[in-house]
file protein_24.cif (mmCIF, C-alpha atoms)
data_protein
#
loop_
_atom_site.group_PDB
_atom_site.id
_atom_site.type_symbol
_atom_site.label_atom_id
_atom_site.label_comp_id
_atom_site.auth_asym_id
_atom_site.auth_seq_id
_atom_site.Cartn_x
_atom_site.Cartn_y
_atom_site.Cartn_z
ATOM 1 C CA MET P 23 -70.221 31.297 -11.004
ATOM 2 C CA ALA P 24 -69.502 28.050 -9.286
ATOM 3 C CA ASN P 25 -66.470 27.572 -11.435
ATOM 4 C CA SER P 26 -64.737 30.810 -10.445
ATOM 5 C CA GLU P 27 -65.605 30.194 -6.777
ATOM 6 C CA HIS P 28 -63.832 26.896 -7.066
ATOM 7 C CA THR P 29 -60.766 28.548 -8.550
ATOM 8 C CA ARG P 30 -60.639 31.060 -5.737
ATOM 9 C CA ARG P 31 -60.934 28.340 -3.132
ATOM 10 C CA THR P 32 -58.148 26.430 -4.831
ATOM 11 C CA PHE P 33 -56.051 29.590 -4.787
ATOM 12 C CA PHE P 34 -56.538 30.120 -1.068
ATOM 13 C CA GLY P 35 -55.835 26.467 -0.484
ATOM 14 C CA ILE P 36 -52.503 26.807 -2.247
ATOM 15 C CA THR P 37 -51.459 30.018 -0.481
ATOM 16 C CA GLY P 38 -52.495 28.517 2.834
ATOM 17 C CA GLY P 39 -50.337 25.531 2.063
ATOM 18 C CA ALA P 40 -47.426 27.807 1.239
ATOM 19 C CA ALA P 41 -47.781 29.597 4.567
ATOM 20 C CA ALA P 42 -47.776 26.274 6.404
ATOM 21 C CA MET P 43 -44.713 25.224 4.443
ATOM 22 C CA VAL P 44 -42.652 28.005 5.999
ATOM 23 C CA ILE P 45 -43.272 26.415 9.371
ATOM 24 C CA VAL P 46 -42.528 22.836 8.390
ATOM 25 C CA ARG P 47 -39.402 23.641 6.384
ATOM 26 C CA PRO P 48 -36.411 21.767 7.837
ATOM 27 C CA ALA P 49 -34.384 23.807 10.288
ATOM 28 C CA ASN P 50 -31.092 25.205 9.111
ATOM 29 C CA ALA P 51 -27.901 23.438 10.046
ATOM 30 C CA THR P 52 -27.036 24.484 13.554
ATOM 31 C CA PRO P 53 -23.506 25.292 14.709
ATOM 32 C CA ALA P 54 -23.644 21.915 16.480
ATOM 33 C CA MET P 55 -24.396 20.157 13.185
ATOM 34 C CA LEU P 56 -21.544 22.048 11.559
ATOM 35 C CA GLN P 57 -19.194 21.046 14.365
ATOM 36 C CA ALA P 58 -20.343 17.430 14.073
ATOM 37 C CA ALA P 59 -19.795 17.437 10.306
ATOM 38 C CA ILE P 60 -16.305 18.862 10.760
ATOM 39 C CA ARG P 61 -15.511 16.341 13.525
ATOM 40 C CA ASN P 62 -16.647 13.588 11.167
ATOM 41 C CA VAL P 63 -13.843 14.583 8.819
ATOM 42 C CA VAL P 64 -11.059 15.646 11.142
ATOM 43 C CA GLY P 65 -11.736 13.322 14.073
ATOM 44 C CA GLU P 66 -9.922 14.487 17.184
ATOM 45 C CA ALA P 67 -7.251 16.334 15.256
ATOM 46 C CA ASN P 68 -6.572 19.990 15.833
ATOM 47 C CA VAL P 69 -7.649 22.305 12.998
ATOM 48 C CA ARG P 70 -5.360 25.271 12.534
ATOM 49 C CA SER P 71 -6.102 28.321 10.461
ATOM 50 C CA GLY P 72 -3.857 29.121 7.514
ATOM 51 C CA LYS P 73 -2.482 27.604 4.306
ATOM 52 C CA VAL P 74 -5.964 27.459 2.776
ATOM 53 C CA LYS P 75 -7.394 30.182 0.564
ATOM 54 C CA LEU P 76 -11.099 30.429 -0.165
ATOM 55 C CA ASP P 77 -12.077 32.588 -3.133
ATOM 56 C CA ILE P 78 -15.767 33.353 -2.918
ATOM 57 C CA PRO P 79 -17.612 36.610 -3.610
ATOM 58 C CA PRO P 80 -18.340 38.469 -0.341
ATOM 59 C CA LEU P 81 -21.706 39.613 -1.716
ATOM 60 C CA VAL P 82 -23.791 37.452 -4.030
ATOM 61 C CA GLU P 83 -27.141 38.250 -5.563
ATOM 62 C CA ASN P 84 -28.225 34.703 -6.257
ATOM 63 C CA GLY P 85 -27.489 31.976 -3.741
ATOM 64 C CA ASN P 86 -28.407 29.283 -6.254
ATOM 65 C CA THR P 87 -25.045 29.409 -7.928
ATOM 66 C CA VAL P 88 -22.059 30.883 -6.135
ATOM 67 C CA PRO P 89 -18.642 30.341 -7.713
ATOM 68 C CA MET P 90 -16.038 29.154 -5.248
ATOM 69 C CA THR P 91 -12.347 28.280 -5.484
ATOM 70 C CA VAL P 92 -10.329 26.646 -2.744
ATOM 71 C CA SER P 93 -6.570 26.559 -3.004
ATOM 72 C CA VAL P 94 -4.003 25.265 -0.555
ATOM 73 C CA THR P 95 -0.375 26.302 -0.213
ATOM 74 C CA SER P 96 1.530 23.086 -0.740
ATOM 75 C CA PRO P 97 4.544 22.010 -2.826
ATOM 76 C CA MET P 98 2.487 18.993 -4.014
ATOM 77 C CA THR P 99 5.446 16.614 -4.015
ATOM 78 C CA ALA P 100 5.355 12.905 -3.223
ATOM 79 C CA ASP P 101 6.309 13.688 0.392
ATOM 80 C CA GLU P 102 4.242 16.764 0.991
ATOM 81 C CA TYR P 103 0.864 17.154 -0.619
ATOM 82 C CA VAL P 104 -2.803 17.819 0.019
ATOM 83 C CA LYS P 105 -4.899 14.706 0.573
ATOM 84 C CA SER P 106 -8.319 16.291 0.563
ATOM 85 C CA ILE P 107 -10.299 19.497 0.753
ATOM 86 C CA HIS P 108 -13.626 19.673 2.588
ATOM 87 C CA VAL P 109 -16.068 22.547 2.335
ATOM 88 C CA PHE P 110 -18.777 23.303 4.897
ATOM 89 C CA ASN P 111 -21.475 25.883 5.397
ATOM 90 C CA GLU P 112 -23.192 27.240 8.445
ATOM 91 C CA LYS P 113 -26.860 27.731 7.541
ATOM 92 C CA ASN P 114 -27.912 25.477 4.668
ATOM 93 C CA PRO P 115 -30.180 22.575 5.695
ATOM 94 C CA GLN P 116 -27.096 20.345 5.570
ATOM 95 C CA PRO P 117 -23.614 21.425 6.716
ATOM 96 C CA ASN P 118 -21.622 19.646 3.987
ATOM 97 C CA ILE P 119 -20.964 21.196 0.601
ATOM 98 C CA GLY P 120 -18.364 18.922 -0.923
ATOM 99 C CA ASN P 121 -15.340 16.697 -0.283
ATOM 100 C CA PHE P 122 -12.548 16.728 -2.850
ATOM 101 C CA TYR P 123 -9.828 14.095 -2.838
ATOM 102 C CA LEU P 124 -6.512 14.954 -4.427
ATOM 103 C CA GLY P 125 -3.106 13.365 -4.411
ATOM 104 C CA PRO P 126 0.523 14.251 -5.041
ATOM 105 C CA ARG P 127 0.001 14.123 -8.796
ATOM 106 C CA ALA P 128 -2.616 16.868 -8.725
ATOM 107 C CA GLY P 129 0.331 19.261 -9.137
ATOM 108 C CA ARG P 130 -1.664 22.151 -7.798
ATOM 109 C CA ALA P 131 -3.983 21.954 -4.803
ATOM 110 C CA GLN P 132 -6.858 23.939 -6.202
ATOM 111 C CA VAL P 133 -10.503 23.073 -6.788
ATOM 112 C CA SER P 134 -13.349 25.195 -8.155
ATOM 113 C CA THR P 135 -17.064 24.577 -8.224
ATOM 114 C CA ARG P 136 -20.385 26.370 -7.872
ATOM 115 C CA ILE P 137 -22.362 26.087 -4.683
ATOM 116 C CA ARG P 138 -25.756 26.943 -3.206
ATOM 117 C CA LEU P 139 -26.180 29.153 -0.168
ATOM 118 C CA ALA P 140 -29.546 29.318 1.584
ATOM 119 C CA ASP P 141 -28.687 32.419 3.590
ATOM 120 C CA SER P 142 -25.957 34.916 4.385
ATOM 121 C CA GLN P 143 -23.463 32.833 6.269
ATOM 122 C CA LYS P 144 -19.940 31.586 6.801
ATOM 123 C CA VAL P 145 -18.306 29.088 4.464
ATOM 124 C CA THR P 146 -15.428 27.026 5.823
ATOM 125 C CA ALA P 147 -12.833 25.091 3.838
ATOM 126 C CA ILE P 148 -10.620 22.531 5.551
ATOM 127 C CA ALA P 149 -7.609 20.872 3.948
ATOM 128 C CA ARG P 150 -6.040 17.603 5.043
ATOM 129 C CA LEU P 151 -2.338 17.459 4.283
ATOM 130 C CA SER P 152 -0.213 14.371 3.746
ATOM 131 C CA ASP P 153 1.084 14.606 7.345
ATOM 132 C CA ASP P 154 -2.571 14.442 8.524
ATOM 133 C CA THR P 155 -2.641 17.982 9.822
ATOM 134 C CA PHE P 156 -5.754 20.030 9.130
ATOM 135 C CA TRP P 157 -5.829 23.645 8.053
ATOM 136 C CA SER P 158 -8.851 25.811 7.577
ATOM 137 C CA VAL P 159 -10.145 29.152 6.414
ATOM 138 C CA THR P 160 -13.560 30.751 6.806
ATOM 139 C CA ALA P 161 -15.200 33.393 4.624
ATOM 140 C CA ASP P 162 -18.347 35.428 5.171
ATOM 141 C CA VAL P 163 -20.825 35.613 2.325
ATOM 142 C CA VAL P 164 -23.832 37.924 2.143
ATOM 143 C CA VAL P 165 -26.620 36.462 0.002
ATOM 144 C CA THR P 166 -29.439 38.687 -1.219
ATOM 145 C CA LEU P 167 -31.520 36.000 -2.958
ATOM 146 C CA ALA P 168 -31.312 32.735 -1.080
ATOM 147 C CA ALA P 169 -31.221 29.285 -2.640
ATOM 148 C CA CYS P 170 -33.505 26.408 -1.603
ATOM 149 C CA THR P 171 -36.359 28.663 -0.554
ATOM 150 C CA GLU P 172 -38.360 28.840 -3.737
ATOM 151 C CA GLU P 173 -41.207 26.424 -4.299
ATOM 152 C CA ALA P 174 -40.950 23.735 -6.888
ATOM 153 C CA ILE P 175 -43.949 23.553 -9.158
ATOM 154 C CA MET M 22 -30.794 13.832 -21.534
ATOM 155 C CA PRO M 23 -27.603 14.145 -19.483
ATOM 156 C CA SER M 24 -24.664 15.632 -21.246
ATOM 157 C CA ALA M 25 -21.148 16.379 -20.147
ATOM 158 C CA LEU M 26 -18.822 19.172 -21.121
ATOM 159 C CA ILE M 27 -15.144 18.417 -20.633
ATOM 160 C CA ASN M 28 -12.243 20.741 -21.173
ATOM 161 C CA VAL M 29 -8.846 19.029 -21.293
ATOM 162 C CA PRO M 30 -5.892 20.408 -23.274
ATOM 163 C CA LYS M 31 -5.186 18.310 -26.388
ATOM 164 C CA LYS M 32 -1.440 18.507 -25.893
ATOM 165 C CA ALA M 33 0.924 19.094 -23.009
ATOM 166 C CA LYS M 34 4.597 18.771 -22.188
ATOM 167 C CA ARG M 35 5.728 15.980 -19.906
ATOM 168 C CA GLY M 36 5.423 17.061 -16.292
ATOM 169 C CA ASP M 37 3.016 19.920 -17.013
ATOM 170 C CA VAL M 38 0.263 20.678 -14.538
ATOM 171 C CA ILE M 39 -2.954 20.954 -16.541
ATOM 172 C CA GLU M 40 -6.352 22.251 -15.568
ATOM 173 C CA ILE M 41 -9.398 20.076 -16.227
ATOM 174 C CA LYS M 42 -12.858 21.605 -16.314
ATOM 175 C CA THR M 43 -15.965 19.458 -16.185
ATOM 176 C CA LEU M 44 -19.664 20.176 -16.285
ATOM 177 C CA MET M 45 -22.476 17.649 -16.130
ATOM 178 C CA SER M 46 -26.045 18.679 -16.797
ATOM 179 C CA HIS M 47 -28.166 17.686 -13.811
ATOM 180 C CA ILE M 48 -30.903 19.407 -11.811
ATOM 181 C CA MET M 49 -29.312 18.600 -8.417
ATOM 182 C CA GLU M 50 -32.702 18.609 -6.680
ATOM 183 C CA THR M 51 -31.868 19.233 -3.036
ATOM 184 C CA GLY M 52 -34.656 17.278 -1.374
ATOM 185 C CA TYR M 53 -35.431 20.363 0.728
ATOM 186 C CA ARG M 54 -37.920 21.977 -1.632
ATOM 187 C CA HIS M 55 -41.680 21.576 -1.483
ATOM 188 C CA THR M 56 -44.379 21.656 -4.099
ATOM 189 C CA ALA M 57 -47.306 24.061 -3.798
ATOM 190 C CA SER M 58 -49.286 21.293 -2.115
ATOM 191 C CA GLY M 59 -46.611 20.914 0.545
ATOM 192 C CA SER M 60 -45.087 17.578 -0.412
ATOM 193 C CA VAL M 61 -41.307 17.301 -0.447
ATOM 194 C CA VAL M 62 -39.622 17.065 -3.835
ATOM 195 C CA PRO M 63 -37.439 13.954 -3.453
ATOM 196 C CA ARG M 64 -33.683 14.417 -3.520
ATOM 197 C CA ASP M 65 -32.061 13.784 -6.886
ATOM 198 C CA ILE M 66 -28.401 14.745 -6.917
ATOM 199 C CA ILE M 67 -25.062 13.546 -8.207
ATOM 200 C CA THR M 68 -23.265 12.161 -5.172
ATOM 201 C CA SER M 69 -19.918 11.219 -6.606
ATOM 202 C CA PHE M 70 -17.543 12.367 -9.322
ATOM 203 C CA THR M 71 -14.363 10.530 -10.243
ATOM 204 C CA CYS M 72 -11.602 11.234 -12.735
ATOM 205 C CA ARG M 73 -9.197 8.460 -13.737
ATOM 206 C CA PHE M 74 -6.150 8.706 -15.955
ATOM 207 C CA ASN M 75 -5.241 5.472 -17.728
ATOM 208 C CA GLY M 76 -7.208 3.619 -15.071
ATOM 209 C CA THR M 77 -5.669 5.340 -12.016
ATOM 210 C CA GLU M 78 -7.815 7.644 -9.939
ATOM 211 C CA VAL M 79 -6.454 11.194 -9.997
ATOM 212 C CA PHE M 80 -9.376 13.120 -8.519
ATOM 213 C CA ARG M 81 -12.588 12.310 -6.699
ATOM 214 C CA ALA M 82 -15.344 14.391 -5.149
ATOM 215 C CA ASP M 83 -18.331 13.708 -2.893
ATOM 216 C CA LEU M 84 -21.130 16.088 -3.767
ATOM 217 C CA PHE M 85 -23.965 17.268 -1.514
ATOM 218 C CA PRO M 86 -27.215 19.157 -2.191
ATOM 219 C CA ALA M 87 -25.285 22.411 -1.633
ATOM 220 C CA ILE M 88 -23.592 21.940 -5.019
ATOM 221 C CA ALA M 89 -25.362 24.075 -7.625
ATOM 222 C CA ALA M 90 -27.326 22.558 -10.501
ATOM 223 C CA ASN M 91 -25.226 21.321 -13.423
ATOM 224 C CA PRO M 92 -22.179 20.568 -11.270
ATOM 225 C CA PHE M 93 -19.129 22.382 -12.561
ATOM 226 C CA ILE M 94 -15.859 21.124 -11.135
ATOM 227 C CA THR M 95 -12.362 22.144 -12.072
ATOM 228 C CA PHE M 96 -9.145 20.662 -10.763
ATOM 229 C CA PHE M 97 -5.510 20.111 -11.719
ATOM 230 C CA THR M 98 -3.356 17.140 -12.540
ATOM 231 C CA THR M 99 0.210 16.439 -13.628
ATOM 232 C CA VAL M 100 0.623 14.653 -16.934
ATOM 233 C CA THR M 101 3.517 12.284 -17.440
ATOM 234 C CA GLU M 102 2.385 10.282 -20.457
ATOM 235 C CA SER M 103 -0.141 10.302 -23.261
ATOM 236 C CA GLY M 104 -3.388 8.687 -22.373
ATOM 237 C CA LYS M 105 -7.044 8.897 -21.662
ATOM 238 C CA PHE M 106 -8.983 10.626 -18.904
ATOM 239 C CA GLU M 107 -12.193 8.929 -17.862
ATOM 240 C CA PHE M 108 -14.829 10.857 -15.973
ATOM 241 C CA GLU M 109 -17.667 9.275 -14.055
ATOM 242 C CA TRP M 110 -20.667 10.826 -12.352
ATOM 243 C CA ILE M 111 -22.849 8.716 -10.066
ATOM 244 C CA GLY M 112 -26.010 9.882 -8.368
ATOM 245 C CA ASP M 113 -29.467 9.232 -6.997
ATOM 246 C CA LYS M 114 -32.108 7.295 -8.920
ATOM 247 C CA GLY M 115 -29.450 5.197 -10.617
ATOM 248 C CA PHE M 116 -27.793 8.144 -12.333
ATOM 249 C CA SER M 117 -24.535 7.093 -13.955
ATOM 250 C CA GLU M 118 -22.724 8.880 -16.760
ATOM 251 C CA THR M 119 -19.241 8.713 -18.168
ATOM 252 C CA ALA M 120 -17.124 10.814 -20.491
ATOM 253 C CA GLN M 121 -13.622 10.563 -21.891
ATOM 254 C CA ALA M 122 -10.885 12.847 -23.126
ATOM 255 C CA SER M 123 -7.470 12.076 -24.570
ATOM 256 C CA ILE M 124 -4.246 13.985 -24.181
ATOM 257 C CA THR M 125 -0.977 13.786 -26.107
ATOM 258 C CA VAL M 126 2.123 14.336 -24.019
ATOM 259 C CA GLU M 127 5.320 15.313 -25.780
#
call {"tool": "encode", "arguments": {"input": "protein_24.cif", "output": "structure tokens"}}
result
Amino acid sequence: MANSEHTRRTFFGITGGAAAMVIVRPANATPAMLQAAIRNVVGEANVRSGKVKLDIPPLVENGNTVPMTVSVTSPMTADEYVKSIHVFNEKNPQPNIGNFYLGPRAGRAQVSTRIRLADSQKVTAIARLSDDTFWSVTADVVVTLAACTEEAI
Amino acid sequence: MPSALINVPKKAKRGDVIEIKTLMSHIMETGYRHTASGSVVPRDIITSFTCRFNGTEVFRADLFPAIAANPFITFFTTVTESGKFEFEWIGDKGFSETAQASITVE
């Protein structure tokens, strides 16, 4: 039947398109992009490790929604507080995840949200303190079902 | 229809550090997905979230496509007086939503 032939052709057309899509999909963020994104935030300043804690599951089944909590050791007084927290990833199409701006009246330097991870990768959180020093922590996350890869209908 | 869920304690003691939880319904379309025909689904995300207390900004966030759908954000703030929290989400395609919550400080 001409009708069913048409359906089959349409089907192959769609699957062919899907195969091509794999090739044209934007490249993942490269380490250079990650470095550039971090430099954008910290400028020339030195980033030291410590003070920041990143709570994220080491193994996640679904990369579409990964709970994450960043906390920073700080007295959060008018003289000594956390100005901002910046979260980056290594392999999503874009290296930024979020920037969070706090102040002395936050009381506690802690932020939680849910993020997307396109692949197993490193997640880095950087905190800017009131004295303009930067502190960071990096966590490895293994993702079994990646985000961003499914087709939209 | 966008809708916000806000969790702010009704009452607190002066000087308490309280936790605020917010959720805004939004698809957060990344702009990196394709349809079956290969065309890119345009980006549609919330780019900015702000919380003000009695008009003063207490928390702000820049969001990127790597934030999961229905952005859920929790943070802390110190309360010194009774007043009103105002929450604002701004995004692509002219998205703009606000919500409010009051707190009584004893």
call {"tool": "interface_residues", "arguments": {"input": "protein_24.cif", "of": "chain M", "to": "chain P", "cutoff": "6 Å", "atoms": "all atoms listed in the file", "output": "list in words"}}
result
Val38, His55, Thr56, Phe80, Arg81, Ala82, Asp83, Leu84, Phe85, Ala87, Ile88, Ala89, Phe93, Ile94, Thr95, Phe96, Phe97, Thr98 and Thr99 of chain M
call {"tool": "write_last_selection", "arguments": {"input": "protein_24.cif", "atoms": "C-alpha atoms", "output": "compact mmCIF listing (two decimals), in the frame of the given file"}}
result
# COMPACT_ATOMS: atom_id res chain seq x y z
CA VAL M 38 0.26 20.68 -14.54
CA HIS M 55 -41.68 21.58 -1.48
CA THR M 56 -44.38 21.66 -4.10
CA PHE M 80 -9.38 13.12 -8.52
CA ARG M 81 -12.59 12.31 -6.70
CA ALA M 82 -15.34 14.39 -5.15
CA ASP M 83 -18.33 13.71 -2.89
CA LEU M 84 -21.13 16.09 -3.77
CA PHE M 85 -23.96 17.27 -1.51
CA ALA M 87 -25.28 22.41 -1.63
CA ILE M 88 -23.59 21.94 -5.02
CA ALA M 89 -25.36 24.08 -7.62
CA PHE M 93 -19.13 22.38 -12.56
CA ILE M 94 -15.86 21.12 -11.14
CA THR M 95 -12.36 22.14 -12.07
CA PHE M 96 -9.14 20.66 -10.76
CA PHE M 97 -5.51 20.11 -11.72
CA THR M 98 -3.36 17.14 -12.54
CA THR M 99 0.21 16.44 -13.63
call {"tool": "atom_distance", "arguments": {"input": "protein_24.cif", "atom1": "atom CA of Ala149 of chain P", "atom2": "atom CA of Arg73 of chain M"}}
result
21.7 Å
call {"tool": "resolve_selection", "arguments": {"input": "protein_24.cif", "expression": "the PyMOL selection byres ((chain M and resi 120) around 8)", "output": "list of chain:residue names"}}
result
M:Ala25, M:Ile27, M:Glu107, M:Phe108, M:Glu109, M:Glu118, M:Thr119, M:Gln121, M:Ala122
call {"tool": "resolve_selection", "arguments": {"input": "protein_24.cif", "expression": "the PyMOL selection byres ((chain M and resi 65-67) around 12)", "output": "compact mmCIF listing (two decimals) with C-alpha atoms, in the coordinates of the input"}}
result
# COMPACT_ATOMS: atom_id res chain seq x y z
CA GLY P 120 -18.36 18.92 -0.92
CA PRO M 23 -27.60 14.14 -19.48
CA LEU M 44 -19.66 20.18 -16.28
CA MET M 45 -22.48 17.65 -16.13
CA SER M 46 -26.04 18.68 -16.80
CA HIS M 47 -28.17 17.69 -13.81
CA ILE M 48 -30.90 19.41 -11.81
CA MET M 49 -29.31 18.60 -8.42
CA GLU M 50 -32.70 18.61 -6.68
CA THR M 51 -31.87 19.23 -3.04
CA GLY M 52 -34.66 17.28 -1.37
CA TYR M 53 -35.43 20.36 0.73
CA ARG M 54 -37.92 21.98 -1.63
CA VAL M 61 -41.31 17.30 -0.45
CA VAL M 62 -39.62 17.07 -3.84
CA PRO M 63 -37.44 13.95 -3.45
CA ARG M 64 -33.68 14.42 -3.52
CA THR M 68 -23.26 12.16 -5.17
CA SER M 69 -19.92 11.22 -6.61
CA PHE M 70 -17.54 12.37 -9.32
CA THR M 71 -14.36 10.53 -10.24
CA ALA M 82 -15.34 14.39 -5.15
CA ASP M 83 -18.33 13.71 -2.89
CA LEU M 84 -21.13 16.09 -3.77
CA PHE M 85 -23.96 17.27 -1.51
CA PRO M 86 -27.22 19.16 -2.19
CA ALA M 87 -25.28 22.41 -1.63
CA ILE M 88 -23.59 21.94 -5.02
CA ALA M 89 -25.36 24.08 -7.62
CA ALA M 90 -27.33 22.56 -10.50
CA ASN M 91 -25.23 21.32 -13.42
CA PRO M 92 -22.18 20.57 -11.27
CA PHE M 93 -19.13 22.38 -12.56
CA GLU M 109 -17.67 9.28 -14.06
CA TRP M 110 -20.67 10.83 -12.35
CA ILE M 111 -22.85 8.72 -10.07
CA GLY M 112 -26.01 9.88 -8.37
CA ASP M 113 -29.47 9.23 -7.00
CA LYS M 114 -32.11 7.30 -8.92
CA GLY M 115 -29.45 5.20 -10.62
CA PHE M 116 -27.79 8.14 -12.33
CA SER M 117 -24.54 7.09 -13.96
CA GLU M 118 -22.72 8.88 -16.76
call {"tool": "resolve_selection", "arguments": {"input": "protein_24.cif", "expression": "the PyMOL selection byres ((chain P and resi 69-72) around 9)", "output": "list in words"}}
result
Val64, Ala67, Asn68, Lys73, Val74, Lys75, Val94, Thr95, Ile148, Thr155, Phe156, Trp157, Ser158, Val159 and Thr160 of chain P
call {"tool": "closest_residue", "arguments": {"input": "protein_24.cif", "among": "M:Val29, M:Thr101, M:Gly59, M:Asp37", "to": "Cys72 of chain M", "atoms": "only C-alpha atoms"}}
result
M:Val29
call {"tool": "closest_residue", "arguments": {"input": "protein_24.cif", "among": "M:Phe106, M:Ser60, M:Lys34, M:Ile41", "to": "Ser123 of chain M", "atoms": "all atoms listed in the file"}}
result
M:Phe106
call {"tool": "atom_distance", "arguments": {"input": "protein_24.cif", "atom1": "atom CA of Asp141 of chain P", "atom2": "atom CA of Val163 of chain P"}}
result
8.6 Å
call {"tool": "build_atoms", "arguments": {"input": "protein_24.cif", "residues": "segment 134-152 of chain P", "atoms": "N, CA and C atoms", "output": "compact mmCIF listing (two decimals), in the frame of the given file"}}
result
# COMPACT_ATOMS: atom_id res chain seq x y z
N SER P 134 -12.28 24.21 -8.00
CA SER P 134 -13.35 25.20 -8.15
C SER P 134 -14.66 24.49 -8.41
N THR P 135 -15.73 25.07 -7.89
CA THR P 135 -17.06 24.58 -8.22
C THR P 135 -18.06 25.70 -7.98
N ARG P 136 -19.33 25.38 -8.15
CA ARG P 136 -20.39 26.37 -7.87
C ARG P 136 -21.29 25.79 -6.81
N ILE P 137 -21.61 26.61 -5.82
CA ILE P 137 -22.36 26.09 -4.68
C ILE P 137 -23.67 26.85 -4.48
N ARG P 138 -24.49 26.31 -3.58
CA ARG P 138 -25.76 26.94 -3.21
C ARG P 138 -25.64 27.44 -1.77
N LEU P 139 -26.16 28.63 -1.53
CA LEU P 139 -26.18 29.15 -0.17
C LEU P 139 -27.59 29.61 0.16
N ALA P 140 -28.16 29.05 1.23
CA ALA P 140 -29.55 29.32 1.58
C ALA P 140 -29.71 30.63 2.33
N ASP P 141 -28.59 31.22 2.77
CA ASP P 141 -28.69 32.42 3.59
C ASP P 141 -27.31 33.07 3.63
N SER P 142 -27.25 34.30 4.12
CA SER P 142 -25.96 34.92 4.38
C SER P 142 -25.31 34.12 5.50
N GLN P 143 -24.07 33.74 5.30
CA GLN P 143 -23.46 32.83 6.27
C GLN P 143 -21.96 32.69 6.05
N LYS P 144 -21.36 31.87 6.91
CA LYS P 144 -19.94 31.59 6.80
C LYS P 144 -19.73 30.31 6.00
N VAL P 145 -18.69 30.30 5.18
CA VAL P 145 -18.31 29.09 4.46
C VAL P 145 -16.90 28.73 4.94
N THR P 146 -16.71 27.47 5.28
CA THR P 146 -15.43 27.03 5.82
C THR P 146 -14.82 25.96 4.92
N ALA P 147 -13.55 26.11 4.60
CA ALA P 147 -12.83 25.09 3.84
C ALA P 147 -11.74 24.52 4.73
N ILE P 148 -11.64 23.20 4.75
CA ILE P 148 -10.62 22.53 5.55
C ILE P 148 -9.79 21.64 4.64
N ALA P 149 -8.49 21.71 4.76
CA ALA P 149 -7.61 20.87 3.95
C ALA P 149 -6.90 19.87 4.84
N ARG P 150 -6.80 18.63 4.35
CA ARG P 150 -6.04 17.60 5.04
C ARG P 150 -4.74 17.41 4.28
N LEU P 151 -3.63 17.61 4.95
CA LEU P 151 -2.34 17.46 4.28
C LEU P 151 -1.83 16.03 4.45
N SER P 152 -0.74 15.74 3.73
CA SER P 152 -0.21 14.37 3.75
C SER P 152 0.28 13.97 5.14
